[in-house]
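S.K.: One structure follows; several queries about it will come next.
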Amino acid sequence: MFFGMITTVMRILVASHNGHKIKEIKEYFKHLDIEIISLRDIDFDFEIEETGITFLDNALIKAKTIQSFYPNHAILADDSGFSVKALGNEPGVNSARFLGSGTVDALKNKEILKLLEGVIDRKAMFTCAMVLLTPSQQFVTQQVVYGSVSQEIRGTGSFGYDPIFIPEHTTKTFAEDLEYKAKVSHRSKALMEVLKYVEYLAE
Ligand code: IMP
């Protein structure tokens, strides 16, 4: 699909295999006439190395790599992560690889809680850099959600660091309140910006 040409169904290829992420993105676009397809849907299993030093570098690497294979598609890529102030903003861009890629989320979360034992400053944030590439346009946004690290792991049915992150102005972790997460998360805010841009192009 190309923006600028109004087609009956817009299609966006999401440069991710992460089922949770894709579910969040699909949920976001579900009221619109936009079809979201993922790398899973097209059996794309080429490993993309995230060699950038910022979230934006990595989002662009993912988007441009996929674009080299599918130059006529609109491609949406994000790179996101969890940064803990008292840990020098780690794991940050290394969120997926923290303690080694393949380490289960529960162990990563336990380790962060351990590292923060006795630490007063529990400030943390999620960041999401998101890129929408079309054959002729590049749109970039970076959004954050601030909060703190909980004292214990709370909530199920989510992923990553959600069970230890309490966003500002609430007491529940993201994993305990997915409805709230959908409203205020780093990815939701980035998607909102992408959506505004898509609407602008399609008008
Ligand atoms: P990536 O953007 O897929 O590279 O995400 C890197 C890592 O950040 C993921 O594997 C998760 O551990 C973490 N992460 C990113 N977004 C979220 C989120 O919304 N909730 C919890 N963890 C997240």
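Convention: chains lettered A, B, ... in structure tokens order; per-chain residue numbering from 1; ligands numbered from 1 as shown.
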Quick one: residues within 10 Å of Lys181 of chain A, only C-alpha atoms counted, chain neighbours fewer than 4 positions away excluded, as a list in words?
M.R.: Glu24, Val145, Asp162, Ile166, Pro167, Thr173, Phe174, Ala175, Glu176, Asp177, Ser185, His186, Arg187 and Ser188 of chain A
S.K.: From a backbone DSSP assignment, name each residue in chain A labelled alpha helix (DSSP H), as an MDAnalysis selection string.
M.R.: chainID A and resid 19:29 55:69 105:115 178:184 186:202
S.K.: Could you list, as a ChimeraX atom specification, all residues that come within 8 Å of ligand 1? Count only C-alpha atoms and all ligand atoms.
M.R.: /A:16,18,21,50,55,59,78-82,92-97,105,126-128,158-163,174,185-187
S.K.: Go ahead and save the picked residues with N, CA and C atoms, as a PDB file, in the first residue's frame.
M.R.:
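Just written: result.pdb:
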ATOM      1  N   SER A  16       8.226  -6.779  13.464  1.00  0.00           N
ATOM      2  CA  SER A  16       8.430  -7.426  14.762  1.00  0.00           C
ATOM      3  C   SER A  16       7.858  -8.838  14.739  1.00  0.00           C
ATOM      4  N   ASN A  18       7.355 -10.046  17.946  1.00  0.00           N
ATOM      5  CA  ASN A  18       6.878 -10.070  19.328  1.00  0.00           C
ATOM      6  C   ASN A  18       5.339 -10.051  19.357  1.00  0.00           C
ATOM      7  N   LYS A  21       3.604  -7.315  21.398  1.00  0.00           N
ATOM      8  CA  LYS A  21       3.697  -5.999  20.768  1.00  0.00           C
ATOM      9  C   LYS A  21       2.691  -5.892  19.621  1.00  0.00           C
ATOM     10  N   GLU A  50      20.418  -5.665  16.206  1.00  0.00           N
ATOM     11  CA  GLU A  50      20.175  -4.305  16.700  1.00  0.00           C
ATOM     12  C   GLU A  50      21.496  -3.742  17.204  1.00  0.00           C
ATOM     13  N   PHE A  55      17.624   3.963  20.891  1.00  0.00           N
ATOM     14  CA  PHE A  55      16.383   3.309  20.476  1.00  0.00           C
ATOM     15  C   PHE A  55      16.064   3.665  19.024  1.00  0.00           C
ATOM     16  N   ALA A  59      15.404   1.296  15.806  1.00  0.00           N
ATOM     17  CA  ALA A  59      14.116   1.285  15.095  1.00  0.00           C
ATOM     18  C   ALA A  59      14.362   1.497  13.593  1.00  0.00           C
ATOM     19  N   ASP A  78       9.477  -0.457  15.740  1.00  0.00           N
ATOM     20  CA  ASP A  78       9.768   0.261  16.968  1.00  0.00           C
ATOM     21  C   ASP A  78      10.924  -0.396  17.687  1.00  0.00           C
ATOM     22  N   ASP A  79      11.574   0.385  18.509  1.00  0.00           N
ATOM     23  CA  ASP A  79      12.533  -0.197  19.428  1.00  0.00           C
ATOM     24  C   ASP A  79      12.200   0.406  20.773  1.00  0.00           C
ATOM     25  N   SER A  80      12.038  -0.463  21.743  1.00  0.00           N
ATOM     26  CA  SER A  80      11.623   0.042  23.034  1.00  0.00           C
ATOM     27  C   SER A  80      12.429  -0.606  24.136  1.00  0.00           C
ATOM     28  N   GLY A  81      12.312  -0.052  25.317  1.00  0.00           N
ATOM     29  CA  GLY A  81      13.063  -0.628  26.420  1.00  0.00           C
ATOM     30  C   GLY A  81      12.772   0.073  27.722  1.00  0.00           C
ATOM     31  N   PHE A  82      13.351  -0.498  28.768  1.00  0.00           N
ATOM     32  CA  PHE A  82      13.084  -0.108  30.145  1.00  0.00           C
ATOM     33  C   PHE A  82      14.370   0.455  30.755  1.00  0.00           C
ATOM     34  N   GLY A  92      17.885  -0.260  29.391  1.00  0.00           N
ATOM     35  CA  GLY A  92      17.789   0.623  28.223  1.00  0.00           C
ATOM     36  C   GLY A  92      17.742  -0.113  26.901  1.00  0.00           C
ATOM     37  N   VAL A  93      18.609   0.273  25.971  1.00  0.00           N
ATOM     38  CA  VAL A  93      18.581  -0.381  24.648  1.00  0.00           C
ATOM     39  C   VAL A  93      18.940  -1.870  24.740  1.00  0.00           C
ATOM     40  N   ASN A  94      19.471  -2.268  25.881  1.00  0.00           N
ATOM     41  CA  ASN A  94      19.805  -3.696  26.053  1.00  0.00           C
ATOM     42  C   ASN A  94      18.693  -4.473  26.760  1.00  0.00           C
ATOM     43  N   SER A  95      17.497  -3.907  26.825  1.00  0.00           N
ATOM     44  CA  SER A  95      16.411  -4.551  27.588  1.00  0.00           C
ATOM     45  C   SER A  95      16.167  -5.993  27.172  1.00  0.00           C
ATOM     46  N   ALA A  96      16.174  -6.258  25.875  1.00  0.00           N
ATOM     47  CA  ALA A  96      15.903  -7.633  25.415  1.00  0.00           C
ATOM     48  C   ALA A  96      17.072  -8.549  25.749  1.00  0.00           C
ATOM     49  N   ARG A  97      18.266  -7.974  25.772  1.00  0.00           N
ATOM     50  CA  ARG A  97      19.478  -8.799  25.975  1.00  0.00           C
ATOM     51  C   ARG A  97      19.967  -8.791  27.417  1.00  0.00           C
ATOM     52  N   ASP A 105      11.715 -13.390  31.248  1.00  0.00           N
ATOM     53  CA  ASP A 105      11.388 -12.081  31.831  1.00  0.00           C
ATOM     54  C   ASP A 105      11.391 -12.124  33.364  1.00  0.00           C
ATOM     55  N   PHE A 126       9.830   3.763  30.506  1.00  0.00           N
ATOM     56  CA  PHE A 126       9.840   3.019  29.244  1.00  0.00           C
ATOM     57  C   PHE A 126      10.004   4.039  28.120  1.00  0.00           C
ATOM     58  N   THR A 127      10.742   3.656  27.099  1.00  0.00           N
ATOM     59  CA  THR A 127      10.905   4.505  25.907  1.00  0.00           C
ATOM     60  C   THR A 127      10.510   3.694  24.682  1.00  0.00           C
ATOM     61  N   CYS A 128       9.898   4.370  23.740  1.00  0.00           N
ATOM     62  CA  CYS A 128       9.584   3.709  22.464  1.00  0.00           C
ATOM     63  C   CYS A 128       9.940   4.654  21.315  1.00  0.00           C
ATOM     64  N   SER A 158       1.079 -10.275  30.839  1.00  0.00           N
ATOM     65  CA  SER A 158       1.742  -9.244  30.051  1.00  0.00           C
ATOM     66  C   SER A 158       3.148  -9.732  29.708  1.00  0.00           C
ATOM     67  N   PHE A 159       4.059  -8.837  29.459  1.00  0.00           N
ATOM     68  CA  PHE A 159       5.396  -9.287  29.079  1.00  0.00           C
ATOM     69  C   PHE A 159       6.471  -8.323  29.586  1.00  0.00           C
ATOM     70  N   GLY A 160       7.702  -8.723  29.385  1.00  0.00           N
ATOM     71  CA  GLY A 160       8.843  -7.860  29.688  1.00  0.00           C
ATOM     72  C   GLY A 160       8.836  -7.357  31.121  1.00  0.00           C
ATOM     73  N   TYR A 161       9.047  -6.061  31.244  1.00  0.00           N
ATOM     74  CA  TYR A 161       9.212  -5.444  32.558  1.00  0.00           C
ATOM     75  C   TYR A 161       7.880  -4.913  33.112  1.00  0.00           C
ATOM     76  N   ASP A 162       6.778  -5.205  32.429  1.00  0.00           N
ATOM     77  CA  ASP A 162       5.464  -4.716  32.891  1.00  0.00           C
ATOM     78  C   ASP A 162       5.156  -5.075  34.349  1.00  0.00           C
ATOM     79  N   PRO A 163       5.533  -6.290  34.818  1.00  0.00           N
ATOM     80  CA  PRO A 163       5.166  -6.637  36.210  1.00  0.00           C
ATOM     81  C   PRO A 163       5.936  -5.878  37.286  1.00  0.00           C
ATOM     82  N   PHE A 174       1.983  -2.056  35.306  1.00  0.00           N
ATOM     83  CA  PHE A 174       1.420  -2.174  33.945  1.00  0.00           C
ATOM     84  C   PHE A 174       0.786  -3.554  33.766  1.00  0.00           C
ATOM     85  N   SER A 185       0.899   4.119  27.721  1.00  0.00           N
ATOM     86  CA  SER A 185       2.239   3.553  27.508  1.00  0.00           C
ATOM     87  C   SER A 185       3.049   4.302  26.452  1.00  0.00           C
ATOM     88  N   HIS A 186       4.332   4.113  26.526  1.00  0.00           N
ATOM     89  CA  HIS A 186       5.290   4.626  25.556  1.00  0.00           C
ATOM     90  C   HIS A 186       4.868   4.241  24.125  1.00  0.00           C
ATOM     91  N   ARG A 187       4.461   2.977  23.943  1.00  0.00           N
ATOM     92  CA  ARG A 187       4.097   2.501  22.595  1.00  0.00           C
ATOM     93  C   ARG A 187       2.774   3.107  22.148  1.00  0.00           C
TER      94      ARG A 187
END
S.K.: Calculated over only C-alpha atoms, which of the candidates A:Val14, A:Ala124, A:Leu115, A:Leu76 has the smallest distance to Val194 of chain A?
M.R.: A:Leu76
S.K.: Just want the 9 Å neighbourhood of Ile48 of chain A, counted on only C-alpha atoms, with same-chain residues fewer than 6 positions away dropped. Output as a list in words.
M.R.: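 Here the qualifying residues turn out to be Ile61, Lys62, Thr65 and Ile66 of chain A.
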S.K.: Using Å and a single decimal, report how far atom CA of Thr103 of chain A sits from atom CA of Leu87 of chain A.
M.R.: 19.0 Å
